[in-house]
Amino acid sequence: MSEIASRVKAIIVDKLAVEESEVTPEASFTNDLGADSLDTVELIMDFEKEFGVSIPDDQTEKIQTVGDAIAYIEANVK
Amino acid sequence: MELKRVVVTGLGAITPLGHNVADTWAAVVDGVSGAGPITRFDASLFKTQFACEVKDFDPSLYFDRKEARKYDRYAQYAVIAAKEGVEDSGLDLEKVNKNRVGVIFAAGIGGIRTFEEEVGGFYLNEDKGPRFNPFFIPKMIADIAAGHISMMYGFHGPNYATVSACASSTNALIDAFNNIRLGKADVIVTGGAEAAITVAGIGGFNAMHAISTRNDDPKGASRPFSASRDGFVMGEGGVCLVLEELEHALARGAKIYAEVAGGGMSADAYHLTATHPEGLGATLVMENALADAEMKPEEVDYINVHGTSTPVGDISEVKAIKKVFGQHAYDLNISSTKSMTGHLLGAAGAIEAMICVKSVENDIVPPTINFTEGDEDPEIDYKLNFTFNKAQKRTVNVALSNTFGFGGHNASIIVKKFVK
């Protein structure tokens with residue numbers, strides 16, 4: 001697991017109060033990890049803060065799963 | 001239409017004197033002060049460095065981590081108090097018609113800590129553009145506690161907050177009372193919560209010279225009706241009263257603490273923060289409450305006064321009591337339990353109504369502590385019985401609670417022993 005992936009997972013575990021084992025790449029924030037619409041907005045903000053990236057609104061809608069988040073950040077982090 | 005009778009069937013509390021009703025009541029009867037140095041933030045640069053904090057508060061005992069983050073502390077207090085109140089009421093949550101159960105829960109300010117964090121965070125990073133947490137608004141707003149409580153239980157009846165500064169939760173109680181009287185609900189979970197012992201809360205009240213600066217003696221600082229009083233002591237917490245339509249309560253064999261007899265409201269229409277010097281609004285609100293309860297002044301045994309320990313407010317309230325009660329003012333007991341609990345702002349009406357209910361239940365009047373001989377204010381009549389320093393046993397058939405808020409809002413509620 002990449003360093004980015006483990007940091008992303010740590011944020012998800014903390015914010016959504018889920019077990020690390022549940023945070024698989026396929027896990028959907030809303031369907032599998034109990035996030036509501038506000039939780040997902042907060043998660044995106046936390047990713048932005050943690051990695052110093054800015055995720056445009058049209059991209060945030062595409063980030064539905066743990067894997068989506070890791071992929072986006074890996075591709076965009078400087 | 002005949003108005004329905006309303007009784008109190010449940011109580012809940014998390015206060016500077018305890019994490020439940022029993023501990024809070026025991027401490028109030030024993031004359032214990034809840035004041036101490038502020039631990040919530042570094043207050044060393046503030047004029048006031050003490051308050052009545054809820055002690056050893058650990059949200060994780062009540063909420064899972066994800067939930068706790070979504071609640072400002074004021075809403076946490078509200079929910080904790082409501083849980084105790086609903087449990088104490090013995091309501092069968094499987095059987096009760098939840099469409100007929102409401103929640104009217106007050107806060108004077110609401111999530112002021114959340115506001116500080118989010119706005120402060122924004123100004124620290126102003127160059128980055130707006131970056132507010134999506135929970136900022138729903139954590140901060142003063143009505144969200146009522147929302148949380150309804151969601152926790154699925155109560156679909158009337159649901160909102162009332163705001164009138166330090167009278168807020170008395171207004172909540174009166175609204176709950178009226179809604180049930182009018183048949184709009186069978187049960188209403190009501191009360192108030194506040195958590196304003198924060199940088200902005202203490203700093204803001206300091207700027208008004210409203211709070212005591214007796215930093216060398218926190219426990220002795222809230223001294224209503226003493227000549228040396230120098231302002232109120234900030235308190236915090238949440239208190240819940242479950243009000244229920246009498247027949248509904250009787251039908252399920254509920255324990256009945258007391259009956260709500262009446263509520264009064266008025267405005268000083270005088271000044272932003274100062275009470276009317278002659279107690280105009282205070283007189284009117286007590287008269288209105290008595291009229292609503294269809295009671296004569298002589299029937300009141302105990303007045304839990306607003307009595308915040310401010311130089312002006314205490315005097316005008318005493319004037320009003322003498323005006324409304326005449327000679328009977330000398331026969332009843334008066335006390336300011338803010339001498340012990342501090343001033344819970346938007347939860348003041350709820351904690352003091354709860355104390356009135358317990359007083360009626362137990363025939364005990366809790367004291368006004370911190371009075372010493374020789375500390376008499378020439379403008380206050382000490383022939384009145386302020387129940388100084390020691391609780392007093394007496395039959396309390398009827399108790400009245402006064403609350404007055406910045407803005408000149410006055411609200412009073414009367415509770416009495418329940419007699420079929």
# chains A, B, ... in the order shown; residues from 1 in each chain; ligands from 1

$ interface_residues --of "chain A" --to "chain B" --cutoff "9 Å" --atoms "only C-alpha atoms" --output "compact mmCIF listing (two decimals) with N, CA, C and O atoms, in the first residue's frame"
# COMPACT_ATOMS: atom_id res chain seq x y z
N ASP A 14 -10.70 7.72 10.89
CA ASP A 14 -10.93 8.70 11.94
C ASP A 14 -12.29 9.38 11.78
O ASP A 14 -13.08 9.45 12.71
N LYS A 15 -12.56 9.88 10.58
CA LYS A 15 -13.76 10.71 10.40
C LYS A 15 -15.04 9.89 10.41
O LYS A 15 -16.06 10.34 10.91
N LEU A 16 -15.01 8.73 9.82
CA LEU A 16 -16.25 7.95 9.73
C LEU A 16 -16.36 6.92 10.85
O LEU A 16 -17.35 6.19 10.93
N ALA A 17 -15.34 6.89 11.72
CA ALA A 17 -15.35 5.96 12.85
C ALA A 17 -15.64 4.53 12.39
O ALA A 17 -16.54 3.87 12.91
N VAL A 18 -14.89 4.09 11.37
CA VAL A 18 -15.05 2.73 10.86
C VAL A 18 -13.77 1.94 11.14
O VAL A 18 -12.72 2.52 11.45
N LEU A 38 -22.98 15.29 3.90
CA LEU A 38 -22.08 16.23 4.59
C LEU A 38 -20.76 15.56 4.96
O LEU A 38 -19.70 16.18 4.88
N ASP A 39 -20.83 14.30 5.36
CA ASP A 39 -19.58 13.57 5.68
C ASP A 39 -18.64 13.54 4.47
O ASP A 39 -17.43 13.70 4.62
N VAL A 41 -18.47 15.64 1.95
CA VAL A 41 -17.88 16.96 1.72
C VAL A 41 -16.72 17.18 2.69
O VAL A 41 -15.65 17.68 2.32
N GLU A 42 -16.93 16.78 3.94
CA GLU A 42 -15.88 16.98 4.94
C GLU A 42 -14.65 16.12 4.61
O GLU A 42 -13.52 16.57 4.76
N MET A 45 -12.60 17.75 2.00
CA MET A 45 -11.85 18.87 2.59
C MET A 45 -10.63 18.39 3.35
O MET A 45 -9.57 19.00 3.31

$ residues_around --residues "stretch 48-50 of chain A" --least-positions-apart "5" --cutoff "9 Å" --atoms "only C-alpha atoms" --output "VMD selection string"
chain A and resid 7 to 8 11 43 55 73

$ write_last_selection --atoms "all heavy atoms" --output "PDB file, in the first residue's frame"
ATOM      1  N   ARG A   7      -2.386   7.115   4.315  1.00  0.00           N
ATOM      2  CA  ARG A   7      -2.844   8.380   4.920  1.00  0.00           C
ATOM      3  C   ARG A   7      -4.331   8.617   4.623  1.00  0.00           C
ATOM      4  O   ARG A   7      -5.085   9.092   5.474  1.00  0.00           O
ATOM      5  CB  ARG A   7      -1.996   9.551   4.425  1.00  0.00           C
ATOM      6  CG  ARG A   7      -0.652   9.660   5.164  1.00  0.00           C
ATOM      7  CD  ARG A   7       0.386  10.418   4.371  1.00  0.00           C
ATOM      8  NE  ARG A   7       0.098  11.854   4.260  1.00  0.00           N
ATOM      9  CZ  ARG A   7       0.742  12.664   3.398  1.00  0.00           C
ATOM     10  NH1 ARG A   7       1.687  12.182   2.592  1.00  0.00           N
ATOM     11  NH2 ARG A   7       0.448  13.940   3.339  1.00  0.00           N
ATOM     12  N   VAL A   8      -4.743   8.320   3.414  1.00  0.00           N
ATOM     13  CA  VAL A   8      -6.167   8.461   3.049  1.00  0.00           C
ATOM     14  C   VAL A   8      -7.012   7.576   3.957  1.00  0.00           C
ATOM     15  O   VAL A   8      -8.036   8.000   4.505  1.00  0.00           O
ATOM     16  CB  VAL A   8      -6.387   8.092   1.562  1.00  0.00           C
ATOM     17  CG1 VAL A   8      -7.879   7.892   1.262  1.00  0.00           C
ATOM     18  CG2 VAL A   8      -5.798   9.155   0.649  1.00  0.00           C
ATOM     19  N   ILE A  11      -7.461   8.890   7.508  1.00  0.00           N
ATOM     20  CA  ILE A  11      -8.460   9.971   7.609  1.00  0.00           C
ATOM     21  C   ILE A  11      -9.873   9.378   7.632  1.00  0.00           C
ATOM     22  O   ILE A  11     -10.720   9.773   8.432  1.00  0.00           O
ATOM     23  CB  ILE A  11      -8.307  10.962   6.418  1.00  0.00           C
ATOM     24  CG1 ILE A  11      -7.023  11.771   6.588  1.00  0.00           C
ATOM     25  CG2 ILE A  11      -9.523  11.878   6.312  1.00  0.00           C
ATOM     26  CD1 ILE A  11      -6.659  12.625   5.377  1.00  0.00           C
ATOM     27  N   LEU A  43     -14.895  14.901   4.143  1.00  0.00           N
ATOM     28  CA  LEU A  43     -13.772  14.025   3.788  1.00  0.00           C
ATOM     29  C   LEU A  43     -12.909  14.654   2.695  1.00  0.00           C
ATOM     30  O   LEU A  43     -11.680  14.675   2.781  1.00  0.00           O
ATOM     31  CB  LEU A  43     -14.301  12.685   3.270  1.00  0.00           C
ATOM     32  CG  LEU A  43     -14.549  11.564   4.278  1.00  0.00           C
ATOM     33  CD1 LEU A  43     -15.015  10.333   3.506  1.00  0.00           C
ATOM     34  CD2 LEU A  43     -13.301  11.243   5.087  1.00  0.00           C
ATOM     35  N   ILE A  55      -9.367  20.054  -4.913  1.00  0.00           N
ATOM     36  CA  ILE A  55     -10.191  19.147  -5.724  1.00  0.00           C
ATOM     37  C   ILE A  55     -11.419  19.906  -6.216  1.00  0.00           C
ATOM     38  O   ILE A  55     -12.280  20.273  -5.423  1.00  0.00           O
ATOM     39  CB  ILE A  55     -10.613  17.907  -4.900  1.00  0.00           C
ATOM     40  CG1 ILE A  55      -9.376  17.241  -4.260  1.00  0.00           C
ATOM     41  CG2 ILE A  55     -11.366  16.921  -5.778  1.00  0.00           C
ATOM     42  CD1 ILE A  55      -9.688  16.054  -3.346  1.00  0.00           C
ATOM     43  N   ILE A  73      -5.769  11.482  -5.721  1.00  0.00           N
ATOM     44  CA  ILE A  73      -4.706  12.176  -4.988  1.00  0.00           C
ATOM     45  C   ILE A  73      -3.340  11.771  -5.549  1.00  0.00           C
ATOM     46  O   ILE A  73      -2.466  12.616  -5.764  1.00  0.00           O
ATOM     47  CB  ILE A  73      -4.818  11.897  -3.474  1.00  0.00           C
ATOM     48  CG1 ILE A  73      -6.101  12.558  -2.941  1.00  0.00           C
ATOM     49  CG2 ILE A  73      -3.608  12.436  -2.724  1.00  0.00           C
ATOM     50  CD1 ILE A  73      -6.566  12.025  -1.614  1.00  0.00           C
TER      51      ILE A  73
END

$ closest_residue --among "B:Leu93, B:Ala195, B:Leu384, B:Val398" --to "B:Tyr302" --atoms "only C-alpha atoms"
B:Val398

$ residues_around --residues "B:Met340" --least-positions-apart "5" --cutoff "10 Å" --atoms "only C-alpha atoms" --output "PDB file with N, CA, C and O atoms, in the first residue's frame"
ATOM      1  N   PRO B  16     -23.135  22.002  36.197  1.00  0.00           N
ATOM      2  CA  PRO B  16     -21.866  22.180  36.929  1.00  0.00           C
ATOM      3  C   PRO B  16     -21.860  21.447  38.273  1.00  0.00           C
ATOM      4  O   PRO B  16     -20.804  21.300  38.886  1.00  0.00           O
ATOM      5  N   LEU B  17     -23.013  20.985  38.730  1.00  0.00           N
ATOM      6  CA  LEU B  17     -23.082  20.326  40.033  1.00  0.00           C
ATOM      7  C   LEU B  17     -23.275  18.822  39.925  1.00  0.00           C
ATOM      8  O   LEU B  17     -23.373  18.131  40.939  1.00  0.00           O
ATOM      9  N   ALA B  27     -26.611  18.544  45.481  1.00  0.00           N
ATOM     10  CA  ALA B  27     -25.616  19.609  45.662  1.00  0.00           C
ATOM     11  C   ALA B  27     -26.287  20.956  45.916  1.00  0.00           C
ATOM     12  O   ALA B  27     -25.826  21.755  46.744  1.00  0.00           O
ATOM     13  N   VAL B  28     -27.389  21.195  45.230  1.00  0.00           N
ATOM     14  CA  VAL B  28     -28.120  22.457  45.414  1.00  0.00           C
ATOM     15  C   VAL B  28     -28.681  22.540  46.839  1.00  0.00           C
ATOM     16  O   VAL B  28     -28.632  23.591  47.475  1.00  0.00           O
ATOM     17  N   VAL B  29     -29.183  21.429  47.334  1.00  0.00           N
ATOM     18  CA  VAL B  29     -29.726  21.418  48.698  1.00  0.00           C
ATOM     19  C   VAL B  29     -28.593  21.607  49.725  1.00  0.00           C
ATOM     20  O   VAL B  29     -28.764  22.260  50.744  1.00  0.00           O
ATOM     21  N   ASP B  30     -27.425  21.055  49.398  1.00  0.00           N
ATOM     22  CA  ASP B  30     -26.285  21.176  50.317  1.00  0.00           C
ATOM     23  C   ASP B  30     -25.570  22.515  50.216  1.00  0.00           C
ATOM     24  O   ASP B  30     -24.607  22.766  50.959  1.00  0.00           O
ATOM     25  N   GLY B  31     -25.966  23.360  49.284  1.00  0.00           N
ATOM     26  CA  GLY B  31     -25.328  24.670  49.157  1.00  0.00           C
ATOM     27  C   GLY B  31     -23.929  24.619  48.575  1.00  0.00           C
ATOM     28  O   GLY B  31     -23.045  25.380  48.980  1.00  0.00           O
ATOM     29  N   VAL B  32     -23.721  23.730  47.606  1.00  0.00           N
ATOM     30  CA  VAL B  32     -22.396  23.569  47.006  1.00  0.00           C
ATOM     31  C   VAL B  32     -22.234  24.515  45.809  1.00  0.00           C
ATOM     32  O   VAL B  32     -23.137  24.632  44.983  1.00  0.00           O
ATOM     33  N   SER B  33     -21.106  25.168  45.715  1.00  0.00           N
ATOM     34  CA  SER B  33     -20.823  26.005  44.541  1.00  0.00           C
ATOM     35  C   SER B  33     -20.191  25.167  43.449  1.00  0.00           C
ATOM     36  O   SER B  33     -19.309  24.345  43.710  1.00  0.00           O
ATOM     37  N   GLY B  34     -20.615  25.401  42.213  1.00  0.00           N
ATOM     38  CA  GLY B  34     -20.037  24.694  41.075  1.00  0.00           C
ATOM     39  C   GLY B  34     -18.914  25.470  40.400  1.00  0.00           C
ATOM     40  O   GLY B  34     -18.449  25.093  39.326  1.00  0.00           O
ATOM     41  N   ALA B  35     -18.462  26.560  41.022  1.00  0.00           N
ATOM     42  CA  ALA B  35     -17.472  27.417  40.360  1.00  0.00           C
ATOM     43  C   ALA B  35     -16.044  26.916  40.556  1.00  0.00           C
ATOM     44  O   ALA B  35     -15.738  26.240  41.531  1.00  0.00           O
ATOM     45  N   CYS B  52     -18.605  28.248  36.184  1.00  0.00           N
ATOM     46  CA  CYS B  52     -19.184  26.985  36.655  1.00  0.00           C
ATOM     47  C   CYS B  52     -19.218  26.018  35.472  1.00  0.00           C
ATOM     48  O   CYS B  52     -20.185  25.992  34.704  1.00  0.00           O
ATOM     49  N   LYS B 219     -15.631  30.366  44.118  1.00  0.00           N
ATOM     50  CA  LYS B 219     -16.806  29.760  44.764  1.00  0.00           C
ATOM     51  C   LYS B 219     -17.658  30.777  45.519  1.00  0.00           C
ATOM     52  O   LYS B 219     -18.846  30.566  45.738  1.00  0.00           O
ATOM     53  N   GLY B 220     -17.041  31.894  45.903  1.00  0.00           N
ATOM     54  CA  GLY B 220     -17.781  32.928  46.618  1.00  0.00           C
ATOM     55  C   GLY B 220     -18.246  34.061  45.721  1.00  0.00           C
ATOM     56  O   GLY B 220     -18.799  35.058  46.196  1.00  0.00           O
ATOM     57  N   ALA B 221     -18.027  33.908  44.414  1.00  0.00           N
ATOM     58  CA  ALA B 221     -18.246  35.051  43.517  1.00  0.00           C
ATOM     59  C   ALA B 221     -19.716  35.312  43.204  1.00  0.00           C
ATOM     60  O   ALA B 221     -20.145  36.457  43.118  1.00  0.00           O
ATOM     61  N   SER B 222     -20.498  34.240  43.029  1.00  0.00           N
ATOM     62  CA  SER B 222     -21.916  34.444  42.747  1.00  0.00           C
ATOM     63  C   SER B 222     -22.613  34.640  44.083  1.00  0.00           C
ATOM     64  O   SER B 222     -22.849  33.679  44.825  1.00  0.00           O
ATOM     65  N   ARG B 223     -22.892  35.898  44.412  1.00  0.00           N
ATOM     66  CA  ARG B 223     -23.441  36.227  45.740  1.00  0.00           C
ATOM     67  C   ARG B 223     -24.636  37.153  45.596  1.00  0.00           C
ATOM     68  O   ARG B 223     -24.581  38.333  45.983  1.00  0.00           O
ATOM     69  N   VAL B 233     -21.824  34.674  37.400  1.00  0.00           N
ATOM     70  CA  VAL B 233     -20.781  33.695  37.096  1.00  0.00           C
ATOM     71  C   VAL B 233     -21.333  32.792  35.998  1.00  0.00           C
ATOM     72  O   VAL B 233     -22.428  32.249  36.127  1.00  0.00           O
ATOM     73  N   GLY B 235     -22.279  29.799  33.819  1.00  0.00           N
ATOM     74  CA  GLY B 235     -22.435  28.355  33.974  1.00  0.00           C
ATOM     75  C   GLY B 235     -22.682  27.715  32.618  1.00  0.00           C
ATOM     76  O   GLY B 235     -22.737  28.415  31.588  1.00  0.00           O
ATOM     77  N   PRO B 366     -33.961  25.270  48.311  1.00  0.00           N
ATOM     78  CA  PRO B 366     -32.505  25.379  48.308  1.00  0.00           C
ATOM     79  C   PRO B 366     -32.067  26.826  48.594  1.00  0.00           C
ATOM     80  O   PRO B 366     -32.840  27.755  48.392  1.00  0.00           O
ATOM     81  N   PRO B 367     -30.847  26.994  49.068  1.00  0.00           N
ATOM     82  CA  PRO B 367     -30.431  28.314  49.552  1.00  0.00           C
ATOM     83  C   PRO B 367     -29.888  29.255  48.467  1.00  0.00           C
ATOM     84  O   PRO B 367     -29.654  28.853  47.335  1.00  0.00           O
ATOM     85  N   THR B 368     -29.716  30.510  48.901  1.00  0.00           N
ATOM     86  CA  THR B 368     -28.871  31.475  48.192  1.00  0.00           C
ATOM     87  C   THR B 368     -27.568  31.500  48.981  1.00  0.00           C
ATOM     88  O   THR B 368     -27.564  31.960  50.129  1.00  0.00           O
ATOM     89  N   ILE B 369     -26.501  30.968  48.428  1.00  0.00           N
ATOM     90  CA  ILE B 369     -25.271  30.897  49.241  1.00  0.00           C
ATOM     91  C   ILE B 369     -24.431  32.170  49.097  1.00  0.00           C
ATOM     92  O   ILE B 369     -24.749  33.069  48.316  1.00  0.00           O
ATOM     93  N   ASN B 370     -23.408  32.239  49.877  1.00  0.00           N
ATOM     94  CA  ASN B 370     -22.375  33.291  49.829  1.00  0.00           C
ATOM     95  C   ASN B 370     -22.783  34.626  50.443  1.00  0.00           C
ATOM     96  O   ASN B 370     -22.140  35.648  50.175  1.00  0.00           O
TER      97      ASN B 370
END

$ atom_distance --atom1 "atom CA of A:Thr40" --atom2 "atom CA of B:Tyr153"
25.1 Å

$ residues_around --residues "B:Ala172" --least-positions-apart "2" --cutoff "12 Å" --atoms "only C-alpha atoms" --output "NGL selection string"
:B and (102-108 or 143 or 146 or 158-170 or 174-179 or 188-193 or 239-243 or 263 or 265 or 346-350 or 353 or 403 or 411-413)

$ closest_residue --among "B:His306, B:Lys95, B:Arg394, B:Lys416" --to "B:Leu290" --atoms "only C-alpha atoms"
B:Lys416

$ closest_residue --among "B:Ala261, B:Ala145, B:Val96, B:Ile351" --to "B:Val415" --atoms "only C-alpha atoms"
B:Ala261

$ closest_residue --among "A:Gln59, A:Thr65, A:Ser54, A:Thr24" --to "A:Val77" --atoms "only C-alpha atoms"
A:Ser54

$ atom_distance --atom1 "atom CA of B:Glu278" --atom2 "atom CA of B:Ser336"
19.4 Å

$ residues_around --residues "B:Asp268" --least-positions-apart "5" --cutoff "8 Å" --atoms "only C-alpha atoms" --output "PyMOL selection string"
chain B and resi 275-276+280-282+408-410

$ select_by_dssp --residues "stretch 165-316 of chain B" --states "helix (DSSP H, G or I)" --output "count of residues only"
55

$ atom_distance --atom1 "atom CA of B:His148" --atom2 "atom CA of B:Val54"
20.7 Å

$ closest_residue --among "A:Ile70, A:Ala35, A:Ile63, A:Val53" --to "A:Ala10" --atoms "only C-alpha atoms"
A:Ile70

$ select_by_dssp --residues "stretch 7-168 of chain B" --states "strand (DSSP E or B)" --output "list in words"
Val7, Val8, Thr9, Gly10, Leu11, Gly12, Ala13, Ile14, Thr15, Gly18, Gly36, Pro37, Phe50, Ala51, Cys52, Val101, Gly102, Val103, Ile104, Phe105, Ala106, Asn159, Tyr160, Ser164 and Cys166 of chain B

$ closest_residue --among "B:Tyr330, B:Phe406, B:Phe418, B:Tyr77" --to "B:Asn385" --atoms "only C-alpha atoms"
B:Tyr330

$ decode --residues "stretch 174-193 of chain B" --atoms "N, CA, C and O atoms" --output "PDB file, in the first residue's frame"
ATOM      1  N   ILE B 174     -42.848  27.176  28.486  1.00  0.00           N
ATOM      2  CA  ILE B 174     -44.192  27.758  28.319  1.00  0.00           C
ATOM      3  C   ILE B 174     -44.789  27.324  26.975  1.00  0.00           C
ATOM      4  O   ILE B 174     -45.974  26.991  26.888  1.00  0.00           O
ATOM      5  N   ASP B 175     -43.960  27.295  25.953  1.00  0.00           N
ATOM      6  CA  ASP B 175     -44.465  26.840  24.651  1.00  0.00           C
ATOM      7  C   ASP B 175     -44.879  25.369  24.711  1.00  0.00           C
ATOM      8  O   ASP B 175     -45.911  24.979  24.148  1.00  0.00           O
ATOM      9  N   ALA B 176     -44.067  24.572  25.388  1.00  0.00           N
ATOM     10  CA  ALA B 176     -44.406  23.150  25.526  1.00  0.00           C
ATOM     11  C   ALA B 176     -45.733  23.011  26.280  1.00  0.00           C
ATOM     12  O   ALA B 176     -46.633  22.265  25.865  1.00  0.00           O
ATOM     13  N   PHE B 177     -45.844  23.747  27.367  1.00  0.00           N
ATOM     14  CA  PHE B 177     -47.059  23.764  28.190  1.00  0.00           C
ATOM     15  C   PHE B 177     -48.265  24.149  27.333  1.00  0.00           C
ATOM     16  O   PHE B 177     -49.298  23.464  27.326  1.00  0.00           O
ATOM     17  N   ASN B 178     -48.132  25.239  26.582  1.00  0.00           N
ATOM     18  CA  ASN B 178     -49.257  25.712  25.772  1.00  0.00           C
ATOM     19  C   ASN B 178     -49.620  24.739  24.657  1.00  0.00           C
ATOM     20  O   ASN B 178     -50.794  24.505  24.384  1.00  0.00           O
ATOM     21  N   ASN B 179     -48.615  24.162  24.006  1.00  0.00           N
ATOM     22  CA  ASN B 179     -48.899  23.201  22.943  1.00  0.00           C
ATOM     23  C   ASN B 179     -49.693  22.014  23.478  1.00  0.00           C
ATOM     24  O   ASN B 179     -50.635  21.548  22.829  1.00  0.00           O
ATOM     25  N   ILE B 180     -49.303  21.549  24.659  1.00  0.00           N
ATOM     26  CA  ILE B 180     -50.020  20.402  25.238  1.00  0.00           C
ATOM     27  C   ILE B 180     -51.409  20.841  25.717  1.00  0.00           C
ATOM     28  O   ILE B 180     -52.399  20.154  25.478  1.00  0.00           O
ATOM     29  N   ARG B 181     -51.479  21.990  26.356  1.00  0.00           N
ATOM     30  CA  ARG B 181     -52.786  22.510  26.822  1.00  0.00           C
ATOM     31  C   ARG B 181     -53.787  22.599  25.685  1.00  0.00           C
ATOM     32  O   ARG B 181     -54.962  22.366  25.841  1.00  0.00           O
ATOM     33  N   LEU B 182     -53.258  23.020  24.508  1.00  0.00           N
ATOM     34  CA  LEU B 182     -54.131  23.212  23.344  1.00  0.00           C
ATOM     35  C   LEU B 182     -54.366  21.923  22.573  1.00  0.00           C
ATOM     36  O   LEU B 182     -55.016  21.928  21.522  1.00  0.00           O
ATOM     37  N   GLY B 183     -53.780  20.844  23.032  1.00  0.00           N
ATOM     38  CA  GLY B 183     -54.016  19.559  22.371  1.00  0.00           C
ATOM     39  C   GLY B 183     -53.160  19.311  21.148  1.00  0.00           C
ATOM     40  O   GLY B 183     -53.446  18.424  20.345  1.00  0.00           O
ATOM     41  N   LYS B 184     -52.082  20.079  20.987  1.00  0.00           N
ATOM     42  CA  LYS B 184     -51.223  19.903  19.812  1.00  0.00           C
ATOM     43  C   LYS B 184     -50.236  18.750  19.965  1.00  0.00           C
ATOM     44  O   LYS B 184     -49.570  18.369  19.004  1.00  0.00           O
ATOM     45  N   ALA B 185     -50.061  18.282  21.184  1.00  0.00           N
ATOM     46  CA  ALA B 185     -49.147  17.162  21.439  1.00  0.00           C
ATOM     47  C   ALA B 185     -49.533  16.533  22.776  1.00  0.00           C
ATOM     48  O   ALA B 185     -50.157  17.182  23.614  1.00  0.00           O
ATOM     49  N   ASP B 186     -49.150  15.249  22.958  1.00  0.00           N
ATOM     50  CA  ASP B 186     -49.410  14.578  24.244  1.00  0.00           C
ATOM     51  C   ASP B 186     -48.219  14.732  25.187  1.00  0.00           C
ATOM     52  O   ASP B 186     -48.379  14.773  26.399  1.00  0.00           O
ATOM     53  N   VAL B 187     -47.039  14.738  24.597  1.00  0.00           N
ATOM     54  CA  VAL B 187     -45.806  14.801  25.380  1.00  0.00           C
ATOM     55  C   VAL B 187     -44.856  15.754  24.668  1.00  0.00           C
ATOM     56  O   VAL B 187     -44.775  15.746  23.435  1.00  0.00           O
ATOM     57  N   ILE B 188     -44.154  16.591  25.437  1.00  0.00           N
ATOM     58  CA  ILE B 188     -43.097  17.409  24.829  1.00  0.00           C
ATOM     59  C   ILE B 188     -41.849  17.344  25.696  1.00  0.00           C
ATOM     60  O   ILE B 188     -41.891  17.568  26.905  1.00  0.00           O
ATOM     61  N   VAL B 189     -40.761  16.979  25.026  1.00  0.00           N
ATOM     62  CA  VAL B 189     -39.453  16.965  25.677  1.00  0.00           C
ATOM     63  C   VAL B 189     -38.921  18.382  25.566  1.00  0.00           C
ATOM     64  O   VAL B 189     -38.657  18.879  24.464  1.00  0.00           O
ATOM     65  N   THR B 190     -38.801  19.057  26.702  1.00  0.00           N
ATOM     66  CA  THR B 190     -38.428  20.463  26.645  1.00  0.00           C
ATOM     67  C   THR B 190     -37.276  20.747  27.602  1.00  0.00           C
ATOM     68  O   THR B 190     -36.846  19.878  28.356  1.00  0.00           O
ATOM     69  N   GLY B 191     -36.763  21.964  27.524  1.00  0.00           N
ATOM     70  CA  GLY B 191     -35.640  22.333  28.385  1.00  0.00           C
ATOM     71  C   GLY B 191     -34.702  23.270  27.651  1.00  0.00           C
ATOM     72  O   GLY B 191     -35.114  24.005  26.745  1.00  0.00           O
ATOM     73  N   GLY B 192     -33.441  23.241  28.043  1.00  0.00           N
ATOM     74  CA  GLY B 192     -32.474  24.129  27.409  1.00  0.00           C
ATOM     75  C   GLY B 192     -31.057  23.656  27.644  1.00  0.00           C
ATOM     76  O   GLY B 192     -30.805  22.843  28.541  1.00  0.00           O
ATOM     77  N   ALA B 193     -30.157  24.160  26.816  1.00  0.00           N
ATOM     78  CA  ALA B 193     -28.745  23.807  26.958  1.00  0.00           C
ATOM     79  C   ALA B 193     -27.882  24.989  26.521  1.00  0.00           C
ATOM     80  O   ALA B 193     -28.297  25.785  25.664  1.00  0.00           O
TER      81      ALA B 193
END
